[in-house]
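Q: Next comes the structure file target_29.txt, holding compact mmCIF, C-alpha atoms.
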```txt
# COMPACT_ATOMS: atom_id res chain seq x y z
CA MET A 1134 -35.89 -73.47 -21.35
CA HIS A 1135 -32.72 -71.66 -20.32
CA PRO A 1136 -30.60 -71.51 -23.48
CA THR A 1137 -26.99 -70.42 -23.33
CA THR A 1138 -25.65 -67.49 -25.32
CA ILE A 1139 -24.18 -69.85 -27.92
CA GLN A 1140 -27.45 -71.76 -28.24
CA ILE A 1141 -29.30 -68.51 -28.93
CA ILE A 1142 -26.66 -67.46 -31.47
CA GLY A 1143 -26.88 -70.93 -33.05
CA ALA A 1144 -30.66 -70.67 -33.40
CA VAL A 1145 -30.40 -67.21 -34.96
CA LEU A 1146 -27.70 -68.35 -37.40
CA PHE A 1147 -29.79 -71.43 -38.26
CA GLY A 1148 -32.69 -69.15 -39.14
CA ILE A 1149 -30.41 -66.94 -41.24
CA ALA A 1150 -29.10 -70.03 -43.05
CA LEU A 1151 -32.67 -71.07 -43.84
CA LEU A 1152 -33.40 -67.63 -45.28
CA HIS A 1153 -30.13 -67.84 -47.22
CA THR A 1154 -31.28 -71.06 -48.95
CA PHE A 1155 -34.32 -69.17 -50.26
CA SER A 1156 -32.21 -66.16 -51.32
CA THR A 1157 -29.53 -67.59 -53.59
CA LYS A 1158 -30.91 -65.62 -56.55
CA PHE A 1159 -30.16 -62.42 -54.66
CA PHE A 1160 -26.48 -63.37 -54.45
CA GLU A 1161 -26.46 -64.29 -58.14
CA HIS A 1162 -27.80 -60.80 -58.84
CA LEU A 1163 -25.02 -59.29 -56.73
CA ALA A 1164 -22.47 -61.31 -58.70
CA HIS A 1165 -23.66 -59.63 -61.92
CA THR A 1166 -24.08 -56.12 -60.50
CA ARG A 1167 -20.96 -56.08 -58.27
CA PRO A 1168 -18.27 -57.62 -60.49
CA ALA A 1169 -15.45 -56.54 -58.16
CA HIS A 1170 -16.43 -59.34 -55.77
CA ALA A 1171 -18.28 -61.59 -58.21
CA GLY A 1172 -16.39 -64.66 -57.01
CA LEU A 1173 -17.60 -64.22 -53.43
CA TRP A 1174 -21.22 -63.64 -54.50
CA HIS A 1175 -21.15 -66.70 -56.78
CA PHE A 1176 -19.77 -68.70 -53.86
CA LEU A 1177 -22.61 -67.58 -51.57
CA ALA A 1178 -25.14 -68.32 -54.33
CA GLU A 1179 -24.24 -72.02 -54.21
CA VAL A 1180 -26.94 -73.76 -52.15
CA GLU A 1181 -24.46 -76.41 -51.01
CA VAL A 1182 -22.31 -73.67 -49.43
CA VAL A 1183 -25.03 -72.19 -47.22
CA PHE A 1184 -24.92 -74.30 -44.08
CA GLY A 1185 -21.17 -74.80 -44.21
CA PHE A 1186 -20.67 -71.03 -44.36
CA TRP A 1187 -22.99 -70.25 -41.44
CA ALA A 1188 -21.53 -73.14 -39.43
CA MET A 1189 -18.17 -71.41 -39.83
CA VAL A 1190 -19.72 -68.18 -38.51
CA LEU A 1191 -21.08 -70.12 -35.52
CA MET A 1192 -17.62 -71.48 -34.76
CA VAL A 1193 -16.15 -67.96 -34.90
CA PHE A 1194 -18.72 -66.86 -32.29
CA MET A 1195 -18.01 -69.96 -30.20
CA PHE A 1196 -14.25 -69.24 -30.24
CA ALA A 1197 -14.95 -65.62 -29.23
CA VAL A 1198 -17.51 -66.36 -26.48
CA ASN A 1199 -16.45 -69.71 -25.00
CA GLY A 1200 -12.82 -69.93 -26.04
CA LYS A 1201 -10.77 -72.33 -28.13
CA GLU A 1202 -11.12 -75.41 -25.90
CA ASP A 1203 -14.94 -75.38 -25.84
CA ALA A 1204 -15.14 -74.70 -29.58
CA VAL A 1205 -12.81 -77.56 -30.45
CA ARG A 1206 -14.57 -79.86 -27.96
CA TYR A 1207 -17.91 -79.10 -29.65
CA ILE A 1208 -16.55 -79.88 -33.13
CA ASP A 1209 -15.01 -83.12 -31.84
CA SER A 1210 -18.39 -84.12 -30.38
CA ARG A 1211 -20.16 -83.89 -33.75
CA ASN A 1212 -20.62 -87.04 -35.81
CA PHE A 1213 -19.61 -86.41 -39.43
CA THR A 1214 -20.00 -90.02 -40.60
CA GLU A 1215 -23.13 -89.28 -42.64
CA PRO A 1216 -21.63 -86.38 -44.67
CA LEU A 1217 -18.54 -88.50 -45.36
CA PHE A 1218 -20.68 -91.48 -46.38
CA VAL A 1219 -22.80 -89.40 -48.75
CA PHE A 1220 -19.59 -88.17 -50.40
CA ALA A 1221 -18.23 -91.72 -50.75
CA ILE A 1222 -21.45 -93.25 -52.06
CA MET A 1223 -22.00 -90.41 -54.54
CA VAL A 1224 -18.57 -90.94 -56.08
CA ALA A 1225 -18.96 -94.72 -56.23
CA ALA A 1226 -22.57 -94.80 -57.46
CA ALA A 1227 -21.89 -92.16 -60.15
CA SER A 1228 -19.08 -94.15 -61.76
CA LYS A 1229 -19.55 -94.93 -65.43
CA PRO A 1230 -19.96 -98.74 -65.17
CA ILE A 1231 -22.57 -98.41 -62.39
CA ILE A 1232 -24.55 -95.80 -64.32
CA GLN A 1233 -24.37 -97.84 -67.52
CA LEU A 1234 -25.62 -100.92 -65.66
CA ALA A 1235 -28.44 -98.91 -64.05
CA GLY A 1236 -29.31 -97.45 -67.45
CA LEU A 1237 -29.45 -100.94 -68.98
CA LEU A 1238 -31.78 -102.21 -66.25
CA THR A 1239 -33.93 -99.10 -66.60
CA ARG A 1240 -34.29 -99.63 -70.35
CA ILE A 1241 -35.22 -103.29 -69.84
CA LEU A 1242 -37.93 -102.38 -67.32
CA THR A 1243 -39.15 -99.55 -69.56
CA ARG A 1244 -39.68 -101.96 -72.45
CA LEU A 1245 -41.97 -104.00 -70.20
CA ILE A 1246 -44.23 -100.96 -69.75
CA PRO A 1247 -46.03 -100.16 -73.03
CA LEU A 1248 -46.28 -96.41 -72.57
CA PRO A 1249 -45.56 -93.80 -75.27
CA GLY A 1250 -42.73 -91.26 -75.28
CA ALA A 1251 -40.83 -90.84 -72.04
CA MET A 1252 -43.70 -91.93 -69.79
CA GLY A 1253 -42.34 -95.43 -69.18
CA LEU A 1254 -38.78 -94.24 -68.56
CA THR A 1255 -39.90 -91.63 -66.03
CA LEU A 1256 -42.23 -94.06 -64.29
CA VAL A 1257 -39.43 -96.61 -63.83
CA ILE A 1258 -36.85 -94.10 -62.58
CA LEU A 1259 -39.22 -92.45 -60.11
CA SER A 1260 -40.66 -95.68 -58.71
CA PHE A 1261 -38.13 -98.51 -59.00
CA VAL A 1262 -34.96 -96.57 -58.10
CA PRO A 1263 -36.32 -94.90 -54.91
CA LEU A 1264 -37.49 -98.30 -53.62
CA LEU A 1265 -34.06 -99.68 -54.47
CA GLY A 1266 -32.80 -97.18 -51.91
CA SER A 1267 -34.08 -99.50 -49.16
CA PHE A 1268 -31.25 -101.86 -50.07
CA ILE A 1269 -28.40 -99.72 -51.44
CA THR A 1270 -29.17 -96.74 -49.11
CA GLU A 1271 -31.02 -93.55 -49.98
CA PRO A 1272 -27.96 -91.48 -50.99
CA ALA A 1273 -26.98 -94.13 -53.55
CA ALA A 1274 -30.53 -94.31 -54.90
CA MET A 1275 -30.69 -90.52 -55.14
CA THR A 1276 -27.40 -90.39 -57.03
CA LEU A 1277 -28.46 -93.07 -59.51
CA ALA A 1278 -31.93 -91.63 -60.06
CA ALA A 1279 -30.62 -88.08 -60.52
CA LEU A 1280 -28.01 -89.17 -63.07
CA LEU A 1281 -30.54 -91.29 -64.98
CA LEU A 1282 -32.99 -88.38 -65.06
CA ARG A 1283 -30.30 -85.91 -66.10
CA ASP A 1284 -29.04 -88.01 -68.99
CA GLY A 1285 -32.31 -89.70 -69.99
CA LEU A 1286 -34.98 -87.04 -69.46
CA PHE A 1287 -33.66 -83.56 -68.71
CA LYS A 1288 -31.42 -83.57 -71.80
CA LEU A 1289 -34.53 -83.94 -73.97
CA GLY A 1290 -35.40 -80.27 -73.44
CA ILE A 1291 -38.34 -80.60 -71.05
CA SER A 1292 -40.10 -77.56 -69.61
CA GLU A 1293 -38.96 -75.90 -66.38
CA ARG A 1294 -42.34 -76.72 -64.84
CA LEU A 1295 -41.86 -80.43 -65.53
CA LYS A 1296 -38.29 -80.32 -64.19
CA TYR A 1297 -39.52 -79.05 -60.83
CA ALA A 1298 -42.40 -81.53 -60.78
CA VAL A 1299 -39.94 -84.39 -61.40
CA LEU A 1300 -37.59 -83.05 -58.71
CA GLY A 1301 -40.39 -82.81 -56.15
CA VAL A 1302 -41.53 -86.40 -56.78
CA LEU A 1303 -37.92 -87.63 -56.77
CA PHE A 1304 -37.12 -86.07 -53.39
CA VAL A 1305 -40.33 -87.30 -51.74
CA ASN A 1306 -40.11 -90.80 -53.21
CA VAL A 1307 -36.47 -91.26 -52.16
CA SER A 1308 -37.30 -90.09 -48.65
CA ILE A 1309 -40.12 -92.61 -48.19
CA GLY A 1310 -38.68 -95.28 -50.52
CA GLY A 1311 -35.92 -96.13 -48.07
CA THR A 1312 -38.32 -97.29 -45.33
CA LEU A 1313 -38.73 -100.89 -46.48
CA THR A 1314 -35.68 -101.83 -44.38
CA PRO A 1315 -34.36 -100.54 -41.03
CA TYR A 1316 -30.92 -99.44 -42.25
CA ALA A 1317 -31.27 -97.42 -45.47
CA ALA A 1318 -33.17 -94.26 -44.48
CA PRO A 1319 -31.26 -92.00 -42.03
CA PRO A 1320 -34.33 -91.10 -39.91
CA VAL A 1321 -35.19 -94.80 -39.52
CA LEU A 1322 -31.61 -95.80 -38.83
CA MET A 1323 -31.47 -93.34 -35.92
CA VAL A 1324 -34.20 -95.22 -34.03
CA ALA A 1325 -34.27 -98.79 -35.36
CA SER A 1326 -31.81 -100.24 -32.87
CA ALA A 1327 -33.09 -98.27 -29.87
CA TRP A 1328 -36.72 -99.18 -30.54
CA GLY A 1329 -36.21 -102.73 -31.83
CA TRP A 1330 -37.55 -102.08 -35.34
CA ASP A 1331 -36.45 -105.01 -37.50
CA LEU A 1332 -37.07 -105.87 -41.18
CA GLY A 1333 -40.43 -107.47 -40.46
CA PHE A 1334 -41.62 -104.42 -38.54
CA MET A 1335 -40.55 -102.03 -41.29
CA LEU A 1336 -42.17 -104.01 -44.09
CA THR A 1337 -45.41 -104.41 -42.14
CA ASN A 1338 -45.75 -100.89 -40.77
CA PHE A 1339 -43.94 -98.73 -43.34
CA GLY A 1340 -42.86 -100.68 -46.41
CA TRP A 1341 -46.11 -101.42 -48.22
CA LYS A 1342 -47.49 -97.97 -47.48
CA ALA A 1343 -44.31 -96.31 -48.77
CA ALA A 1344 -44.34 -98.46 -51.92
CA LEU A 1345 -47.96 -97.48 -52.53
CA ALA A 1346 -47.15 -93.77 -52.15
CA VAL A 1347 -44.08 -94.03 -54.40
CA GLY A 1348 -46.15 -95.68 -57.13
CA LEU A 1349 -49.01 -93.20 -56.85
CA ASN A 1350 -46.64 -90.22 -57.02
CA ALA A 1351 -44.84 -91.56 -60.10
CA ILE A 1352 -48.09 -92.47 -61.87
CA GLY A 1353 -49.66 -89.12 -60.98
CA LEU A 1354 -46.72 -87.24 -62.48
CA VAL A 1355 -46.72 -89.08 -65.83
CA VAL A 1356 -50.50 -88.73 -66.12
CA LEU A 1357 -50.45 -85.01 -65.25
CA PHE A 1358 -47.73 -84.27 -67.81
CA ALA A 1359 -48.78 -86.93 -70.31
CA ARG A 1360 -48.91 -84.54 -73.27
CA GLU A 1361 -45.34 -83.38 -72.78
CA PHE A 1362 -44.03 -86.90 -72.08
CA ILE A 1363 -45.64 -88.31 -75.23
CA ARG A 1364 -43.78 -85.81 -77.42
CA LEU A 1365 -40.39 -86.82 -75.99
CA ARG A 1366 -38.23 -89.48 -77.61
CA PRO A 1367 -35.74 -90.93 -75.13
CA ALA A 1368 -32.75 -92.92 -76.39
CA THR A 1369 -33.44 -96.63 -76.82
CA GLY A 1370 -29.87 -97.74 -76.21
CA SER A 1371 -26.63 -96.67 -74.59
CA PRO A 1372 -24.48 -94.36 -76.75
CA GLU A 1373 -21.37 -96.17 -75.49
CA PRO A 1374 -20.53 -99.87 -75.27
CA MET A 1375 -20.74 -101.56 -71.88
CA PRO A 1376 -17.40 -101.98 -70.08
CA PRO A 1377 -15.99 -105.48 -69.54
CA LEU A 1378 -18.05 -107.54 -67.12
CA ALA A 1379 -15.12 -107.84 -64.70
CA VAL A 1380 -14.87 -104.03 -64.40
CA THR A 1381 -18.58 -103.72 -63.64
CA VAL A 1382 -18.41 -106.52 -61.04
CA ILE A 1383 -15.47 -104.83 -59.30
CA HIS A 1384 -17.37 -101.52 -59.22
CA LEU A 1385 -20.39 -103.30 -57.72
CA ALA A 1386 -18.14 -104.93 -55.11
CA PHE A 1387 -16.72 -101.56 -54.05
CA LEU A 1388 -20.23 -100.08 -53.95
CA ALA A 1389 -21.47 -102.98 -51.81
CA GLY A 1390 -18.48 -102.61 -49.49
CA ILE A 1391 -19.10 -98.89 -48.96
CA VAL A 1392 -22.79 -99.58 -48.23
CA THR A 1393 -21.97 -102.46 -45.85
CA PHE A 1394 -19.59 -100.30 -43.80
CA ALA A 1395 -21.73 -97.15 -44.00
CA HIS A 1396 -21.32 -96.50 -40.26
CA HIS A 1397 -17.56 -96.94 -40.16
CA ALA A 1398 -15.96 -93.90 -41.79
CA ALA A 1399 -12.39 -95.21 -41.65
CA VAL A 1400 -13.42 -98.36 -43.54
CA PHE A 1401 -15.59 -96.87 -46.28
CA LEU A 1402 -13.15 -94.01 -46.89
CA ALA A 1403 -10.33 -96.56 -47.28
CA LEU A 1404 -12.51 -98.46 -49.76
CA LEU A 1405 -13.18 -95.21 -51.62
CA LEU A 1406 -9.44 -94.52 -51.94
CA PHE A 1407 -8.84 -98.02 -53.31
CA PHE A 1408 -11.78 -97.48 -55.67
CA LEU A 1409 -10.32 -94.21 -56.98
CA GLY A 1410 -7.04 -95.99 -57.52
CA PHE A 1411 -8.80 -98.69 -59.55
CA MET A 1412 -10.58 -96.03 -61.61
CA ASN A 1413 -7.25 -94.38 -62.36
CA ALA A 1414 -5.72 -97.71 -63.41
CA TYR A 1415 -8.53 -98.37 -65.92
CA GLN A 1416 -9.36 -94.88 -67.11
CA ARG A 1417 -10.51 -96.09 -70.54
CA HIS A 1418 -13.60 -97.60 -68.89
CA GLN A 1419 -14.28 -94.60 -66.64
CA SER A 1420 -15.66 -91.09 -66.67
CA PRO A 1421 -14.26 -88.35 -64.38
CA PRO A 1422 -15.45 -88.95 -60.78
CA ILE A 1423 -17.86 -86.37 -59.38
CA LEU A 1424 -15.48 -85.29 -56.62
CA ARG A 1425 -16.46 -81.61 -56.65
CA GLU A 1426 -20.19 -82.34 -56.42
CA GLY A 1427 -19.62 -84.90 -53.69
CA LEU A 1428 -17.41 -82.59 -51.64
CA MET A 1429 -19.91 -79.73 -51.94
CA VAL A 1430 -22.72 -81.96 -50.69
CA ALA A 1431 -20.55 -83.22 -47.81
CA PHE A 1432 -19.74 -79.61 -46.91
CA PHE A 1433 -23.47 -78.78 -46.87
CA LEU A 1434 -24.34 -81.73 -44.64
CA ALA A 1435 -21.38 -81.14 -42.31
CA GLY A 1436 -22.53 -77.57 -41.84
CA LEU A 1437 -26.01 -78.86 -41.03
CA VAL A 1438 -24.51 -81.19 -38.41
CA VAL A 1439 -22.66 -78.30 -36.76
CA LEU A 1440 -25.59 -75.86 -36.80
CA GLY A 1441 -28.17 -78.52 -36.01
CA GLY A 1442 -26.34 -79.48 -32.84
CA GLN A 1443 -27.37 -76.16 -31.29
CA GLN A 1444 -31.13 -76.61 -31.95
CA GLN A 1445 -32.01 -79.35 -29.46
CA TRP A 1446 -32.88 -76.87 -26.68
CA TRP A 1447 -36.01 -75.65 -28.52
CA LEU A 1448 -36.73 -78.55 -30.87
CA GLU A 1449 -37.02 -81.36 -28.31
CA PRO A 1450 -39.55 -79.61 -26.01
CA LEU A 1451 -41.59 -78.63 -29.06
CA LEU A 1452 -41.81 -82.23 -30.27
CA LEU A 1453 -42.56 -83.70 -26.85
CA SER A 1454 -45.37 -81.21 -26.26
CA MET A 1455 -47.39 -82.88 -29.05
CA ASN A 1456 -49.56 -85.98 -29.00
CA SER A 1457 -49.12 -88.74 -31.59
CA ASP A 1458 -51.53 -87.15 -34.09
CA ALA A 1459 -50.02 -83.69 -33.75
CA VAL A 1460 -46.44 -84.98 -33.95
CA TYR A 1461 -47.18 -86.67 -37.30
CA TYR A 1462 -48.06 -83.38 -38.95
CA GLY A 1463 -45.63 -81.41 -36.80
CA ALA A 1464 -42.70 -83.64 -37.77
CA THR A 1465 -43.63 -83.30 -41.45
CA ALA A 1466 -43.53 -79.52 -41.14
CA LEU A 1467 -40.42 -79.38 -38.94
CA THR A 1468 -38.54 -81.68 -41.31
CA ALA A 1469 -38.71 -78.92 -43.94
CA ILE A 1470 -36.50 -76.70 -41.77
CA THR A 1471 -34.37 -79.38 -40.09
CA ASP A 1472 -32.79 -82.63 -41.19
CA ASN A 1473 -35.34 -85.43 -40.65
CA ALA A 1474 -32.73 -87.69 -39.05
CA ALA A 1475 -32.13 -85.03 -36.40
CA LEU A 1476 -35.81 -85.13 -35.43
CA THR A 1477 -35.95 -88.89 -35.00
CA TYR A 1478 -32.62 -88.93 -33.19
CA LEU A 1479 -34.07 -86.60 -30.55
CA GLY A 1480 -37.01 -88.97 -30.18
CA SER A 1481 -34.71 -91.96 -29.67
CA LEU A 1482 -33.20 -90.25 -26.61
CA VAL A 1483 -36.56 -89.99 -24.80
CA PRO A 1484 -37.66 -93.04 -22.74
CA GLY A 1485 -41.24 -94.22 -22.43
CA LEU A 1486 -42.66 -93.03 -25.77
CA SER A 1487 -45.79 -94.86 -26.92
CA PRO A 1488 -45.67 -97.03 -30.07
CA GLU A 1489 -48.10 -94.60 -31.70
CA PHE A 1490 -45.86 -91.62 -30.97
CA LYS A 1491 -42.78 -93.43 -32.29
CA TYR A 1492 -44.52 -94.35 -35.55
CA ALA A 1493 -45.96 -90.87 -35.99
CA LEU A 1494 -42.58 -89.21 -35.42
CA VAL A 1495 -40.73 -91.32 -37.99
CA ALA A 1496 -43.58 -91.35 -40.50
CA GLY A 1497 -43.86 -87.57 -40.33
CA ALA A 1498 -40.11 -87.16 -40.68
CA VAL A 1499 -39.90 -89.26 -43.86
CA THR A 1500 -43.02 -87.81 -45.51
CA GLY A 1501 -41.65 -84.28 -45.17
CA GLY A 1502 -38.22 -85.27 -46.51
CA GLY A 1503 -38.78 -83.87 -49.99
CA LEU A 1504 -39.99 -80.37 -49.17
CA THR A 1505 -36.60 -78.63 -49.04
CA LEU A 1506 -32.94 -79.31 -49.76
CA ILE A 1507 -32.16 -79.70 -46.06
CA ALA A 1508 -35.11 -81.97 -45.19
CA ASN A 1509 -33.32 -85.22 -46.10
CA ALA A 1510 -29.60 -85.93 -46.35
CA PRO A 1511 -29.70 -87.27 -49.97
CA ASN A 1512 -31.49 -84.16 -51.31
CA PRO A 1513 -28.34 -82.04 -51.76
CA ALA A 1514 -26.81 -84.92 -53.74
CA GLY A 1515 -29.69 -84.93 -56.20
CA ALA A 1516 -29.68 -81.15 -56.39
CA ALA A 1517 -25.94 -81.01 -57.09
CA ILE A 1518 -26.35 -83.39 -60.05
CA LEU A 1519 -29.48 -81.83 -61.56
CA LYS A 1520 -29.18 -78.11 -60.88
CA GLY A 1521 -27.11 -77.46 -64.02
CA ASP A 1522 -30.17 -78.26 -66.15
CA PHE A 1523 -32.39 -75.69 -64.40
CA HIS A 1524 -32.78 -72.03 -65.33
CA GLU A 1525 -29.75 -70.04 -64.16
CA GLN A 1526 -28.22 -73.37 -63.12
CA SER A 1527 -29.78 -73.25 -59.67
CA ILE A 1528 -32.82 -74.72 -57.92
CA ASN A 1529 -35.32 -72.25 -56.52
CA ALA A 1530 -36.26 -73.26 -52.98
CA LEU A 1531 -39.84 -71.96 -53.21
CA SER A 1532 -40.45 -73.74 -56.52
CA LEU A 1533 -39.14 -76.97 -55.01
CA LEU A 1534 -41.42 -76.55 -51.99
CA ALA A 1535 -44.45 -76.00 -54.23
CA SER A 1536 -43.58 -78.96 -56.47
CA ALA A 1537 -43.06 -81.33 -53.55
CA ALA A 1538 -46.28 -80.33 -51.76
CA ALA A 1539 -48.66 -82.65 -53.65
CA PRO A 1540 -46.38 -85.73 -53.49
CA THR A 1541 -45.91 -85.03 -49.78
CA VAL A 1542 -49.68 -85.02 -49.22
CA VAL A 1543 -49.96 -88.36 -51.04
CA ALA A 1544 -47.21 -89.77 -48.82
CA MET A 1545 -48.89 -88.41 -45.69
CA VAL A 1546 -52.19 -90.04 -46.60
CA CYS A 1547 -50.58 -93.40 -47.42
CA LEU A 1548 -48.44 -93.56 -44.29
CA LYS A 1549 -51.44 -92.59 -42.18
CA LEU A 1550 -53.16 -95.83 -43.26
CA ILE A 1551 -53.63 -98.27 -40.39
```
Represent the structure of the file as structure tokens.
A:
Amino acid sequence: MHPTTIQIIGAVLFGIALLHTFSTKFFEHLAHTRPAHAGLWHFLAEVEVVFGFWAMVLMVFMFAVNGKEDAVRYIDSRNFTEPLFVFAIMVAAASKPIIQLAGLLTRILTRLIPLPGAMGLTLVILSFVPLLGSFITEPAAMTLAALLLRDGLFKLGISERLKYAVLGVLFVNVSIGGTLTPYAAPPVLMVASAWGWDLGFMLTNFGWKAALAVGLNAIGLVVLFAREFIRLRPATGSPEPMPPLAVTVIHLAFLAGIVTFAHHAAVFLALLLFFLGFMNAYQRHQSPPILREGLMVAFFLAGLVVLGGQQQWWLEPLLLSMNSDAVYYGATALTAITDNAALTYLGSLVPGLSPEFKYALVAGAVTGGGLTLIANAPNPAGAAILKGDFHEQSINALSLLASAAAPTVVAMVCLKLI
């Protein structure tokens, strides 16, 4: 390896950004103890800001070392379609008619499960919605599940320990729940075309194993916290009337259009603008769109794209030095500190990989997708929606890692099945 100066700086800044994600409480403390610059410290305490901020620092170094032309050329070479798509799908999926429809379906399924308290509700949200992500994409599933959990479970005053346990299962289940199809999970999408993985392949090799893991994780959570769930009394109906059927159908059509054109930013952004116009025209059936949350998540992911582009020089040789067994566990661990789609994308560029290595790389990438906020692209979306219900209105990275560990092990065991 002969990294350039910028590649070394990029790796160092990437490491600093990782440490920053685990240190947001420190900046919150500075905001309270240094009121003169409280705004800056609060800004740096936002997890969604971390990678965007350090990506900006990288670009400053690139301008200084390589000059304007190289810096601009590097930015132009980055693909920001995924951050833009996550923003668009968050806004569309979080609209009031979509959430009300999802809530209605959740309540219907919950009634079919004769469990006391909030056990049935939690089981449905953490199993059915993540698997739905295989069809409406993972970011949409994460947005729906997070909003349903926020309004249906977190508002009931559950313990902080249960909140983190739910978050860990949610992140892991969404990461593996999108593997029933070849187009919904970013790490699968990166390789499906190059490796010829179609729907039949995904269902046979990933789908049933992922569904098993999702179910086991959801059941394990409600059993482990059964006493607390039994005491909870979730609402049995929607507090507001359903909007007219035509409004809901139009929202679903826009959502379907954004999902269909997920890889064409100009198209889905145009659809989003038309959608916002429709929302403004019929405000009486709407709630305020989550533009701020969506933009913050897009900023986070865009920063990850910029910083992540400078990590290939050490990440690719590390992956290719492993055999298929080692890469399964190695990819799970590496996913915690890199975006899982970045790992599989690197694999798609290498010719002659064995079928066993390909499976192990993708399986490891999706099983580790719940360990940290940066492990899977939809995670920041879920965190942005739910963090306001956590202590100090922030999600502790170490607590998330600990809570996601057990569901990750379950996923690793299930996807290791032959």
Q: Rank nothing, just name the residue among A:Lys1491, A:His1175, A:Lys1342, A:Arg1366 nearest to Gly1253 in chain A, using only C-alpha atoms.
A: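 Closest to Gly1253 in chain A of all the choices is A:Arg1366.
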Q: Taking only C-alpha atoms into account, name the residue in A:Leu1332, A:Leu1365, A:Ala1343, A:Ala1398 that is nearest to Pro1540 in chain A.
A: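 Looking only at the distances to Pro1540 in chain A, the closest residue turns out to be A:Ala1343.
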Q: Could you please give me, as a ChimeraX atom specification, the residues of protein, DNA or RNA lying at most 9 Å from (-18.7, -90.5, -46.6) in the coordinate frame of the file, considering all atoms listed in the file?
A: /A:1213-1223,1391,1395,1398,1401-1402,1405,1431
Q: To one decimal in Å, tell me the separation between CA of Gly1521 in chain A and CA of Ala1225 in chain A.
A: 20.6 Å
Q: One number please: CA of Pro1263 in chain A to CA of Gly1310 in chain A, in Å, one decimal.
A: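 Result for CA of Pro1263 in chain A versus CA of Gly1310 in chain A: 5.0 Å, one decimal.
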Q: I'd like to know which of A:Ile1231, A:Leu1300, A:Val1180, A:Val1483 is closest to Leu1378 in chain A, using all atoms listed in the file.
A: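 Smallest distance to Leu1378 in chain A is found for A:Ile1231.
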Q: Name all residues at most 10 Å from Asn1512 in chain A (count all atoms listed in the file; drop same-chain ones fewer than 6 positions away) and give them as a VMD selection string.
A: chain A and resid 1271 to 1272 1275 to 1276 1300 1303 to 1305 1307 to 1308 1430 1502 to 1506
Q: Name the residues in contact with range 1328-1331 of chain A at a cut-off of 9 Å, using only C-alpha atoms, excluding same-chain residues fewer than 2 positions from it; report them as a PyMOL selection string.
A: chain A and resi 1314-1315+1321+1324-1326+1333-1336+1481+1491
Q: So the first atom is CA of Leu1451 in chain A and the second is CA of Val1439 in chain A; what is the distance between them in Å, to one decimal place?
A: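 If I compute the distance from CA of Leu1451 in chain A to CA of Val1439 in chain A, I get 20.4 Å.
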Q: Under the rule of at most 8 Å, produce a per-residue listing of range 1493-1538 of chain A near range 1277-1280 of chain A: chain, number, name, the closest pair of atoms, and the distance in Å, as a tab-separated table, using only C-alpha atoms.
A:
```
residue	atom	partner	partner_atom	distance
A:Gly1515	CA	A:Ala1279	CA	5.4
A:Ile1518	CA	A:Ala1279	CA	6.4
A:Leu1519	CA	A:Ala1279	CA	6.4
```
Q: Measuring atom to atom with all atoms listed in the file, identify which of A:Ala1251, A:Leu1440, A:Val1198, A:Ala1496 is nearest to Val1460 in chain A.
A: A:Ala1496
Q: Considering all atoms listed in the file, state which residue in the set A:Leu1550, A:Phe1433, A:Ser1457, A:Leu1476 is at the smallest distance from Phe1490 in chain A.
A: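 Of A:Leu1550, A:Phe1433, A:Ser1457, A:Leu1476, the one nearest Phe1490 in chain A is A:Ser1457, counting all atoms listed in the file.
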Q: Identify, on the basis of all atoms listed in the file, every residue whose closest approach to range 1140-1143 of chain A does not exceed 9 Å; exclude the query and any residue fewer than 6 positions from it along the same chain; express the result as a list in words.
A: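 Close residues of range 1140-1143 of chain A: Ala1188, Leu1191, Phe1194, Leu1440, Gly1441, Gly1442, Gln1443, Gln1444, Gln1445 and Trp1446 of chain A.
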Q: Quick one: residues within 10 Å of Thr1243 in chain A, all atoms listed in the file, excluding same-chain residues fewer than 2 positions away - as a ChimeraX atom specification?
A: /A:1237-1241,1245-1248,1251-1258,1369
Q: What's around Tyr1297 in chain A at 10 Å? Count only C-alpha atoms, leave out sequence neighbours fewer than 4 positions away in its own chain, and write the answer as a PDB file with C-alpha atoms, in the frame of the given file.
A:
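Result went into selection.pdb, see below:
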```pdb
ATOM      1  CA  SER A1292     -40.100 -77.560 -69.610  1.00  0.00           C
ATOM      2  CA  GLU A1293     -38.960 -75.900 -66.380  1.00  0.00           C
ATOM      3  CA  GLY A1301     -40.390 -82.810 -56.150  1.00  0.00           C
ATOM      4  CA  VAL A1302     -41.530 -86.400 -56.780  1.00  0.00           C
ATOM      5  CA  LEU A1303     -37.920 -87.630 -56.770  1.00  0.00           C
ATOM      6  CA  PHE A1523     -32.390 -75.690 -64.400  1.00  0.00           C
ATOM      7  CA  ILE A1528     -32.820 -74.720 -57.920  1.00  0.00           C
ATOM      8  CA  ASN A1529     -35.320 -72.250 -56.520  1.00  0.00           C
ATOM      9  CA  SER A1532     -40.450 -73.740 -56.520  1.00  0.00           C
ATOM     10  CA  LEU A1533     -39.140 -76.970 -55.010  1.00  0.00           C
ATOM     11  CA  LEU A1534     -41.420 -76.550 -51.990  1.00  0.00           C
ATOM     12  CA  ALA A1535     -44.450 -76.000 -54.230  1.00  0.00           C
ATOM     13  CA  SER A1536     -43.580 -78.960 -56.470  1.00  0.00           C
ATOM     14  CA  ALA A1537     -43.060 -81.330 -53.550  1.00  0.00           C
TER      15      ALA A1537
END
```
Q: A:Ile1208, A:Ala1317, A:Asp1522, A:Leu1357: which is nearest Leu1289 in chain A, counting all atoms listed in the file?
A: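 Between A:Ile1208, A:Ala1317, A:Asp1522, A:Leu1357, the residue approaching Leu1289 in chain A most closely is A:Asp1522.
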